[in-house]
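Q: What follows is the file entry-v5.cif, containing mmCIF, C-alpha atoms and all ligand atoms:
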```cif
data_work
loop_
_atom_site.group_PDB
_atom_site.id
_atom_site.type_symbol
_atom_site.label_atom_id
_atom_site.label_comp_id
_atom_site.auth_asym_id
_atom_site.auth_seq_id
_atom_site.Cartn_x
_atom_site.Cartn_y
_atom_site.Cartn_z
ATOM 1 C CA MET R 13 5.725 21.343 26.728
ATOM 2 C CA LEU R 14 4.159 23.433 29.422
ATOM 3 C CA GLY R 15 1.830 25.134 27.001
ATOM 4 C CA ALA R 16 0.144 28.375 27.854
ATOM 5 C CA PHE R 17 -1.513 28.741 31.169
ATOM 6 C CA GLU R 18 -2.976 31.522 33.191
ATOM 7 C CA LYS R 19 -0.653 33.438 35.452
ATOM 8 C CA PRO R 20 -2.376 32.710 38.771
ATOM 9 C CA ALA R 21 -2.301 28.998 38.107
ATOM 10 C CA ALA R 22 1.365 29.294 37.142
ATOM 11 C CA SER R 23 2.319 31.249 40.245
ATOM 12 C CA ILE R 24 0.396 29.026 42.609
ATOM 13 C CA ALA R 25 1.791 25.923 40.927
ATOM 14 C CA ALA R 26 5.329 27.296 41.280
ATOM 15 C CA VAL R 27 4.832 27.987 44.963
ATOM 16 C CA LEU R 28 3.364 24.519 45.551
ATOM 17 C CA VAL R 29 6.246 22.873 43.702
ATOM 18 C CA LEU R 30 8.744 24.864 45.769
ATOM 19 C CA ALA R 31 6.991 24.099 49.036
ATOM 20 C CA ALA R 32 7.015 20.395 48.244
ATOM 21 C CA ALA R 33 10.539 20.331 46.782
ATOM 22 C CA PRO R 34 13.021 18.137 48.599
ATOM 23 C CA ALA R 35 16.475 19.519 49.421
ATOM 24 C CA ALA R 36 17.945 18.070 46.213
ATOM 25 C CA LEU R 37 17.675 20.383 43.212
ATOM 26 C CA ALA R 38 15.459 19.577 40.313
ATOM 27 C CA ALA R 39 16.980 20.190 36.915
ATOM 28 C CA PRO R 40 15.652 22.636 34.344
ATOM 29 C CA THR R 41 14.735 21.510 30.873
ATOM 30 C CA VAL R 42 17.478 22.806 28.584
ATOM 31 C CA LYS R 43 17.039 23.448 24.855
ATOM 32 C CA GLN R 44 19.674 24.900 22.545
ATOM 33 C CA LEU R 45 18.240 27.562 20.214
ATOM 34 C CA ALA R 46 21.422 28.664 18.400
ATOM 35 C CA ASP R 47 25.202 28.721 18.885
ATOM 36 C CA ASN R 48 25.783 29.718 22.528
ATOM 37 C CA VAL R 49 22.063 30.411 23.024
ATOM 38 C CA TYR R 50 19.905 28.189 25.238
ATOM 39 C CA MET R 51 16.536 28.305 26.968
ATOM 40 C CA MET R 52 16.038 26.808 30.409
ATOM 41 C CA SER R 53 12.627 26.101 31.790
ATOM 42 C CA GLU R 54 11.627 25.076 35.304
ATOM 43 C CA PHE R 55 8.917 25.942 37.846
ATOM 44 C CA HIS R 56 6.821 27.377 34.973
ATOM 45 C CA TYR R 57 9.375 30.063 34.152
ATOM 46 C CA VAL R 58 11.599 30.152 31.071
ATOM 47 C CA SER R 59 14.964 31.948 30.878
ATOM 48 C CA LEU R 60 17.457 32.610 28.109
ATOM 49 C CA VAL R 61 21.065 31.577 28.750
ATOM 50 C CA VAL R 62 23.605 33.173 26.412
ATOM 51 C CA VAL R 63 27.296 32.256 26.608
ATOM 52 C CA GLY R 64 29.875 34.929 25.789
ATOM 53 C CA GLU R 65 33.662 35.221 26.060
ATOM 54 C CA ASP R 66 33.404 37.317 29.212
ATOM 55 C CA GLY R 67 30.732 35.253 30.974
ATOM 56 C CA VAL R 68 27.124 34.174 30.736
ATOM 57 C CA LEU R 69 24.023 36.345 30.323
ATOM 58 C CA ILE R 70 20.715 35.079 31.691
ATOM 59 C CA THR R 71 17.195 36.481 31.837
ATOM 60 C CA ASP R 72 14.726 36.388 34.752
ATOM 61 C CA PRO R 73 16.109 33.906 37.292
ATOM 62 C CA ALA R 74 12.790 34.553 39.080
ATOM 63 C CA PHE R 75 13.562 33.246 42.570
ATOM 64 C CA ALA R 76 16.510 31.754 44.448
ATOM 65 C CA PRO R 77 15.765 27.981 44.256
ATOM 66 C CA ARG R 78 15.246 28.294 40.522
ATOM 67 C CA ALA R 79 18.421 30.399 40.195
ATOM 68 C CA ARG R 80 20.431 27.716 42.029
ATOM 69 C CA SER R 81 19.050 25.029 39.751
ATOM 70 C CA MET R 82 19.920 27.149 36.696
ATOM 71 C CA LYS R 83 23.430 27.715 38.022
ATOM 72 C CA ALA R 84 24.025 23.955 38.236
ATOM 73 C CA ALA R 85 22.662 23.433 34.707
ATOM 74 C CA ILE R 86 24.785 26.284 33.301
ATOM 75 C CA ALA R 87 27.894 24.639 34.816
ATOM 76 C CA GLU R 88 27.161 21.641 32.568
ATOM 77 C CA ILE R 89 27.398 23.934 29.514
ATOM 78 C CA THR R 90 30.310 26.215 30.407
ATOM 79 C CA ASP R 91 32.704 26.945 33.252
ATOM 80 C CA LYS R 92 32.179 30.698 32.783
ATOM 81 C CA PRO R 93 30.275 32.505 35.543
ATOM 82 C CA VAL R 94 26.995 34.334 35.076
ATOM 83 C CA THR R 95 28.009 37.974 34.717
ATOM 84 C CA ARG R 96 24.798 39.588 33.373
ATOM 85 C CA ILE R 97 21.227 39.202 34.609
ATOM 86 C CA VAL R 98 18.697 40.889 32.316
ATOM 87 C CA LEU R 99 15.283 41.410 33.908
ATOM 88 C CA SER R 100 12.333 41.441 31.523
ATOM 89 C CA HIS R 101 10.357 43.889 33.671
ATOM 90 C CA GLU R 102 9.970 44.880 37.299
ATOM 91 C CA HIS R 103 7.242 42.471 38.449
ATOM 92 C CA TYR R 104 8.496 40.791 41.575
ATOM 93 C CA ASP R 105 7.944 37.165 40.554
ATOM 94 C CA HIS R 106 10.501 37.565 37.722
ATOM 95 C CA VAL R 107 13.330 39.431 39.436
ATOM 96 C CA GLY R 108 14.560 37.387 42.421
ATOM 97 C CA GLY R 109 17.569 35.092 42.677
ATOM 98 C CA ALA R 110 20.296 37.610 41.720
ATOM 99 C CA GLU R 111 22.149 36.818 44.967
ATOM 100 C CA VAL R 112 22.889 33.346 43.594
ATOM 101 C CA PHE R 113 25.151 34.986 40.993
ATOM 102 C CA PRO R 114 27.383 37.371 42.977
ATOM 103 C CA GLU R 115 29.550 38.233 39.940
ATOM 104 C CA ALA R 116 26.581 39.369 37.858
ATOM 105 C CA GLN R 117 25.442 42.858 36.980
ATOM 106 C CA VAL R 118 21.670 43.276 37.207
ATOM 107 C CA ILE R 119 20.272 45.043 34.139
ATOM 108 C CA CYS R 120 16.745 46.453 34.149
ATOM 109 C CA HIS R 121 14.872 49.327 32.536
ATOM 110 C CA ALA R 122 15.329 52.714 34.213
ATOM 111 C CA SER R 123 11.870 52.503 35.764
ATOM 112 C CA CYS R 124 12.589 49.282 37.717
ATOM 113 C CA GLN R 125 14.493 50.692 40.692
ATOM 114 C CA ALA R 126 11.645 52.942 41.842
ATOM 115 C CA VAL R 127 9.332 49.922 42.029
ATOM 116 C CA PHE R 128 11.995 47.788 43.732
ATOM 117 C CA ASP R 129 12.358 50.544 46.342
ATOM 118 C CA LEU R 130 8.726 49.871 47.353
ATOM 119 C CA ASP R 131 9.317 46.147 47.981
ATOM 120 C CA VAL R 132 8.414 45.271 51.598
ATOM 121 C CA ILE R 133 8.734 41.481 51.342
ATOM 122 C CA GLY R 134 12.250 41.089 49.963
ATOM 123 C CA MET R 135 11.570 39.731 46.473
ATOM 124 C CA THR R 136 13.640 42.222 44.456
ATOM 125 C CA PRO R 137 17.385 42.634 43.824
ATOM 126 C CA GLU R 138 19.239 44.929 46.185
ATOM 127 C CA THR R 139 20.672 47.000 43.367
ATOM 128 C CA VAL R 140 20.177 47.528 39.671
ATOM 129 C CA ASP R 141 23.663 47.980 38.212
ATOM 130 C CA VAL R 142 22.846 48.946 34.629
ATOM 131 C CA THR R 143 19.766 50.788 33.383
ATOM 132 C CA PHE R 144 18.562 51.998 30.010
ATOM 133 C CA THR R 145 15.638 53.968 28.661
ATOM 134 C CA ASP R 146 14.991 53.097 24.990
ATOM 135 C CA SER R 147 17.570 50.474 24.064
ATOM 136 C CA LEU R 148 20.884 48.962 25.102
ATOM 137 C CA THR R 149 23.336 46.528 23.522
ATOM 138 C CA VAL R 150 24.844 44.306 26.217
ATOM 139 C CA ASP R 151 28.536 43.857 25.482
ATOM 140 C CA PHE R 152 29.898 40.631 26.945
ATOM 141 C CA ARG R 153 31.813 39.453 23.849
ATOM 142 C CA GLY R 154 29.078 37.005 22.968
ATOM 143 C CA PRO R 155 26.169 36.834 20.543
ATOM 144 C CA THR R 156 24.661 40.307 20.071
ATOM 145 C CA VAL R 157 22.026 40.956 22.730
ATOM 146 C CA ASN R 158 19.915 44.078 22.243
ATOM 147 C CA LEU R 159 17.413 45.279 24.823
ATOM 148 C CA HIS R 160 14.443 47.351 23.645
ATOM 149 C CA HIS R 161 11.799 49.212 25.595
ATOM 150 C CA TYR R 162 8.684 49.850 23.504
ATOM 151 C CA GLY R 163 6.564 51.313 26.273
ATOM 152 C CA PRO R 164 4.940 50.082 29.505
ATOM 153 C CA ALA R 165 3.421 46.927 28.022
ATOM 154 C CA ASP R 166 3.251 44.743 31.162
ATOM 155 C CA GLY R 167 4.629 46.892 33.975
ATOM 156 C CA PHE R 168 6.599 50.105 33.450
ATOM 157 C CA GLY R 169 9.852 48.447 32.409
ATOM 158 C CA SER R 170 8.749 45.900 29.785
ATOM 159 C CA THR R 171 11.801 44.864 27.829
ATOM 160 C CA VAL R 172 12.254 42.854 24.641
ATOM 161 C CA VAL R 173 15.523 40.890 24.590
ATOM 162 C CA HIS R 174 16.539 40.476 20.931
ATOM 163 C CA LEU R 175 19.399 38.383 19.582
ATOM 164 C CA PRO R 176 19.475 39.409 15.906
ATOM 165 C CA GLU R 177 22.066 36.894 14.659
ATOM 166 C CA ALA R 178 20.455 34.001 16.534
ATOM 167 C CA ARG R 179 17.005 35.302 15.460
ATOM 168 C CA VAL R 180 15.691 34.811 18.979
ATOM 169 C CA ALA R 181 13.618 37.182 21.111
ATOM 170 C CA PHE R 182 12.535 36.874 24.735
ATOM 171 C CA THR R 183 9.571 38.638 26.324
ATOM 172 C CA ALA R 184 7.570 38.127 29.504
ATOM 173 C CA ASP R 185 3.840 38.366 30.056
ATOM 174 C CA ILE R 186 3.019 40.011 26.716
ATOM 175 C CA TYR R 187 1.012 37.156 25.190
ATOM 176 C CA GLU R 188 -0.142 33.581 25.731
ATOM 177 C CA ASP R 189 -0.976 30.767 23.333
ATOM 178 C CA ARG R 190 -4.655 30.972 22.291
ATOM 179 C CA SER R 191 -5.506 32.063 25.803
ATOM 180 C CA LEU R 192 -6.615 35.364 27.331
ATOM 181 C CA THR R 193 -4.542 36.417 30.329
ATOM 182 C CA HIS R 194 -6.551 36.323 33.559
ATOM 183 C CA GLY R 195 -8.184 39.713 34.089
ATOM 184 C CA MET R 196 -6.666 40.209 37.545
ATOM 185 C CA TRP R 197 -3.182 40.411 35.979
ATOM 186 C CA MET R 198 -4.162 43.020 33.389
ATOM 187 C CA ASP R 199 -4.367 46.105 35.602
ATOM 188 C CA ASP R 200 -0.723 46.979 34.981
ATOM 189 C CA ASP R 201 -0.906 46.520 31.198
ATOM 190 C CA ASN R 202 -1.010 49.184 28.521
ATOM 191 C CA TYR R 203 -2.547 47.603 25.454
ATOM 192 C CA LEU R 204 -1.087 50.139 23.011
ATOM 193 C CA ALA R 205 2.414 49.224 24.199
ATOM 194 C CA ILE R 206 1.559 45.512 23.967
ATOM 195 C CA ARG R 207 0.366 46.178 20.406
ATOM 196 C CA ARG R 208 3.668 47.868 19.625
ATOM 197 C CA VAL R 209 5.753 45.038 21.158
ATOM 198 C CA LEU R 210 3.909 42.432 19.076
ATOM 199 C CA ARG R 211 4.402 44.468 15.902
ATOM 200 C CA GLU R 212 8.115 44.885 16.654
ATOM 201 C CA LEU R 213 8.464 41.134 17.277
ATOM 202 C CA GLN R 214 6.831 40.492 13.906
ATOM 203 C CA GLN R 215 9.448 42.721 12.224
ATOM 204 C CA MET R 216 12.362 40.818 13.773
ATOM 205 C CA ASP R 217 12.202 37.793 11.434
ATOM 206 C CA LEU R 218 12.539 35.392 14.361
ATOM 207 C CA LEU R 219 13.175 31.664 14.467
ATOM 208 C CA HIS R 220 12.231 31.500 18.151
ATOM 209 C CA ALA R 221 9.871 33.796 20.076
ATOM 210 C CA VAL R 222 10.557 32.825 23.679
ATOM 211 C CA SER R 223 7.909 33.773 26.218
ATOM 212 C CA ALA R 224 8.610 33.544 29.943
ATOM 213 C CA HIS R 225 5.896 31.029 30.804
ATOM 214 C CA SER R 226 5.767 28.719 27.791
ATOM 215 C CA ASP R 227 8.092 26.158 26.239
ATOM 216 C CA ASP R 228 6.527 26.728 22.810
ATOM 217 C CA THR R 229 8.676 29.233 20.894
ATOM 218 C CA SER R 230 6.608 29.213 17.677
ATOM 219 C CA VAL R 231 6.581 32.571 15.925
ATOM 220 C CA GLU R 232 2.999 31.849 14.806
ATOM 221 C CA ILE R 233 1.869 32.487 18.380
ATOM 222 C CA VAL R 234 3.130 36.071 18.056
ATOM 223 C CA ASP R 235 1.241 36.492 14.774
ATOM 224 C CA GLU R 236 -1.979 35.129 16.286
ATOM 225 C CA ASN R 237 -1.730 37.471 19.258
ATOM 226 C CA ALA R 238 -0.887 40.455 17.048
ATOM 227 C CA ALA R 239 -4.059 39.725 15.059
ATOM 228 C CA PHE R 240 -6.115 39.404 18.254
ATOM 229 C CA VAL R 241 -4.815 42.709 19.628
ATOM 230 C CA GLU R 242 -5.472 44.421 16.292
ATOM 231 C CA ALA R 243 -9.061 43.137 16.289
ATOM 232 C CA LEU R 244 -9.530 44.330 19.877
ATOM 233 C CA PHE R 245 -7.992 47.713 18.986
ATOM 234 C CA ASP R 246 -10.288 48.121 15.977
ATOM 235 C CA LEU R 247 -13.389 47.112 17.963
ATOM 236 C CA VAL R 248 -12.782 49.289 21.023
ATOM 237 C CA GLY R 249 -11.129 52.163 19.143
ATOM 238 C CA GLY R 250 -14.083 52.278 16.733
ATOM 239 C CA GLU R 251 -16.544 52.562 19.618
ATOM 240 C CA ILE R 252 -14.460 55.297 21.261
ATOM 241 C CA ARG R 253 -14.327 57.352 18.054
ATOM 242 C CA LYS R 254 -18.078 56.951 17.572
ATOM 243 C CA ALA R 255 -18.842 58.001 21.160
ATOM 244 C CA MET R 256 -16.477 60.991 20.852
ATOM 245 C CA ARG R 257 -18.367 62.137 17.749
ATOM 246 C CA GLU R 258 -21.760 61.661 19.368
ATOM 247 C CA GLY R 259 -21.213 62.996 22.882
ATOM 248 C CA GLY R 260 -17.553 63.829 23.438
ATOM 249 C CA PRO R 261 -15.396 62.543 26.326
ATOM 250 C CA THR R 262 -18.360 62.458 28.728
ATOM 251 C CA GLN R 263 -20.098 59.925 26.482
ATOM 252 C CA VAL R 264 -16.938 57.788 26.385
ATOM 253 C CA MET R 265 -16.718 57.836 30.184
ATOM 254 C CA MET R 266 -20.309 56.680 30.482
ATOM 255 C CA ASN R 267 -19.768 53.901 27.945
ATOM 256 C CA LEU R 268 -16.614 52.668 29.714
ATOM 257 C CA ALA R 269 -18.878 51.058 32.307
ATOM 258 C CA THR R 270 -20.886 49.029 29.790
ATOM 259 C CA TRP R 271 -18.475 48.239 26.922
ATOM 260 C CA PRO R 272 -16.664 45.414 28.814
ATOM 261 C CA GLY R 273 -19.947 43.519 29.078
ATOM 262 C CA GLU R 274 -21.149 44.339 25.575
ATOM 263 C CA LEU R 275 -18.242 44.225 23.129
ATOM 264 C CA LYS R 276 -17.379 40.780 21.769
ATOM 265 C CA LEU R 277 -14.865 39.196 19.405
ATOM 266 C CA PRO R 278 -16.686 35.971 18.502
ATOM 267 C CA GLU R 279 -13.890 34.786 16.202
ATOM 268 C CA TYR R 280 -11.798 34.277 19.374
ATOM 269 C CA ALA R 281 -14.509 32.477 21.374
ATOM 270 C CA ASP R 282 -12.491 29.238 21.322
ATOM 271 C CA TRP R 283 -9.497 30.851 23.067
ATOM 272 C CA LYS R 284 -9.083 29.771 26.670
ATOM 273 C CA GLY R 285 -10.550 32.259 29.143
ATOM 274 C CA TYR R 286 -12.579 34.094 26.458
ATOM 275 C CA ASP R 287 -15.902 34.199 28.326
ATOM 276 C CA GLU R 288 -14.413 35.021 31.702
ATOM 277 C CA HIS R 289 -11.666 37.459 30.753
ATOM 278 C CA LEU R 290 -12.572 39.228 27.493
ATOM 279 C CA PRO R 291 -14.342 41.994 29.497
ATOM 280 C CA ALA R 292 -11.081 42.837 31.309
ATOM 281 C CA HIS R 293 -9.259 42.987 27.977
ATOM 282 C CA VAL R 294 -11.905 45.305 26.502
ATOM 283 C CA ARG R 295 -11.624 47.543 29.577
ATOM 284 C CA ARG R 296 -7.812 47.586 29.389
ATOM 285 C CA MET R 297 -7.851 48.487 25.690
ATOM 286 C CA ALA R 298 -10.441 51.219 26.293
ATOM 287 C CA LEU R 299 -8.465 52.774 29.141
ATOM 288 C CA SER R 300 -5.181 52.488 27.234
ATOM 289 C CA ILE R 301 -6.684 54.395 24.274
ATOM 290 C CA PHE R 302 -8.777 56.902 26.199
ATOM 291 C CA HIS R 303 -6.890 57.326 29.462
ATOM 292 C CA GLY R 304 -3.246 56.584 28.663
ATOM 293 C CA GLY R 305 -2.994 53.701 31.060
HETATM 294 ZN ZN ZN R 401 5.253 36.406 34.545
#
```
Please, can you express the file's structure as structure tokens?

A:
Amino acid sequence: MLGAFEKPAASIAAVLVLAAAPAALAAPTVKQLADNVYMMSEFHYVSLVVVGEDGVLITDPAFAPRARSMKAAIAEITDKPVTRIVLSHEHYDHVGGAEVFPEAQVICHASCQAVFDLDVIGMTPETVDVTFTDSLTVDFRGPTVNLHHYGPADGFGSTVVHLPEARVAFTADIYEDRSLTHGMWMDDDNYLAIRRVLRELQQMDLLHAVSAHSDDTSVEIVDENAAFVEALFDLVGGEIRKAMREGGPTQVMMNLATWPGELKLPEYADWKGYDEHLPAHVRRMALSIFHGG
């Protein structure tokens, strides 16, 4: 298994692997999760592959070499073409490779296109064909695939892909395995939306919680992260309420500068990145509660 790792390491590793890759394609690791439901993992990215009567739905091809490798692996499973590409959110490292599947509709939250319009280095799809705001059921005569937007968790368009019959969900960049996400990747996160996504995942009675950068689909990882976020919410929210009582919003603004260095969650001290990155997580939670983003 890949295990959890920090995003910068993942991205740099992916680039290095690509730069060193010979012309021949590598092959993704393929695991079947349920009837007609697979996960494919390669270059430190994981995608769902769902086979329907009308074609194949995939998530996050990420970039063209990976998409080509996926296409070859999908041809080993079915002769149906990829007709739906569901993007987990708008961040550029997840959304490339659509051109490898010319028959596919690109599906992304309604907020994605505005961010894609700002792309100056050509990493995003040319068009988003299908958008949604709160939720969407993708009809391709296959296993039920529901898309849910529970707020701007990581990026504006964070989407949970839920297959209720298969009891599988797919998310990207919402949580890691006993590891705190590197602080530099937290600026675009709203911790109250992350909290909501984790709670919704817990309600889904899943067999597999697939996360875009880990081969471990254990549902326990969701529970552990939900508990961590709740502890962080209680700690930071408690301080904000106390400061509001004592000195109002001005007091909170003053404390925002010092809380990241002061507030601790010692029960999570053994999580990877705790010492280095907990301050960024405290700051993100404080700004999400007090500032809305
Ligand atoms: Zn990612």

Q: Using only C-alpha atoms and all ligand atoms, which of the listed residues (R:Asp166, R:Asp246, R:Asp91, R:Asp228) sits closest to ligand ZN 401 (chain R)?

A: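 Among the listed residues, R:Asp166 lies closest to ligand ZN 401 (chain R).
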
Q: If you apply the PyMOL selection byres (((chain R and resi 134-150) around 8) and not hetatm) to this file, what residues do you get, as a CSV table (one decimal) with C-alpha atoms, in the frame of the given file?

A:
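What follows is the written file part05.csv:
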```csv
chain,number,residue,atom,x,y,z
R,75,PHE,CA,13.6,33.2,42.6
R,104,TYR,CA,8.5,40.8,41.6
R,105,ASP,CA,7.9,37.2,40.6
R,107,VAL,CA,13.3,39.4,39.4
R,108,GLY,CA,14.6,37.4,42.4
R,109,GLY,CA,17.6,35.1,42.7
R,110,ALA,CA,20.3,37.6,41.7
R,111,GLU,CA,22.1,36.8,45.0
R,117,GLN,CA,25.4,42.9,37.0
R,118,VAL,CA,21.7,43.3,37.2
R,119,ILE,CA,20.3,45.0,34.1
R,120,CYS,CA,16.7,46.5,34.1
R,121,HIS,CA,14.9,49.3,32.5
R,122,ALA,CA,15.3,52.7,34.2
R,125,GLN,CA,14.5,50.7,40.7
R,128,PHE,CA,12.0,47.8,43.7
R,131,ASP,CA,9.3,46.1,48.0
R,132,VAL,CA,8.4,45.3,51.6
R,133,ILE,CA,8.7,41.5,51.3
R,151,ASP,CA,28.5,43.9,25.5
R,152,PHE,CA,29.9,40.6,26.9
R,156,THR,CA,24.7,40.3,20.1
R,157,VAL,CA,22.0,41.0,22.7
R,158,ASN,CA,19.9,44.1,22.2
R,159,LEU,CA,17.4,45.3,24.8
R,160,HIS,CA,14.4,47.4,23.6
R,161,HIS,CA,11.8,49.2,25.6
R,162,TYR,CA,8.7,49.8,23.5
```

Q: As a list in words, please: the residues near range 184-191 of chain R (cut-off 6 Å, all atoms listed in the file, same-chain neighbours under 2 positions excluded).

A: Ala16, Ser223, Ala224, Ile233, Trp283 and Lys284 of chain R

Q: Could you check how far CA of Leu175 in chain R sits from CA of Val68 in chain R, in Å to one decimal?

A: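 Straight-line distance from CA of Leu175 in chain R to CA of Val68 in chain R works out to 14.2 Å.
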
Q: Closest to ligand ZN 401 (chain R) among R:Arg296, R:His194, R:His103, R:Arg153, using only C-alpha atoms and all ligand atoms?

A: R:His103

Q: If we count all atoms listed in the file, what is near Met52 in chain R at a cut-off of 6 Å, once residues fewer than 3 positions away on the same chain are taken out, given as a list in words?

A: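 My list of contacting residues is Pro40, Thr41, Val42, Val58 and Ser59 of chain R.
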
Q: If you measure from CA of His225 in chain R to CA of Arg80 in chain R, what distance in Å do you get, rounded to one decimal?

A: 18.7 Å
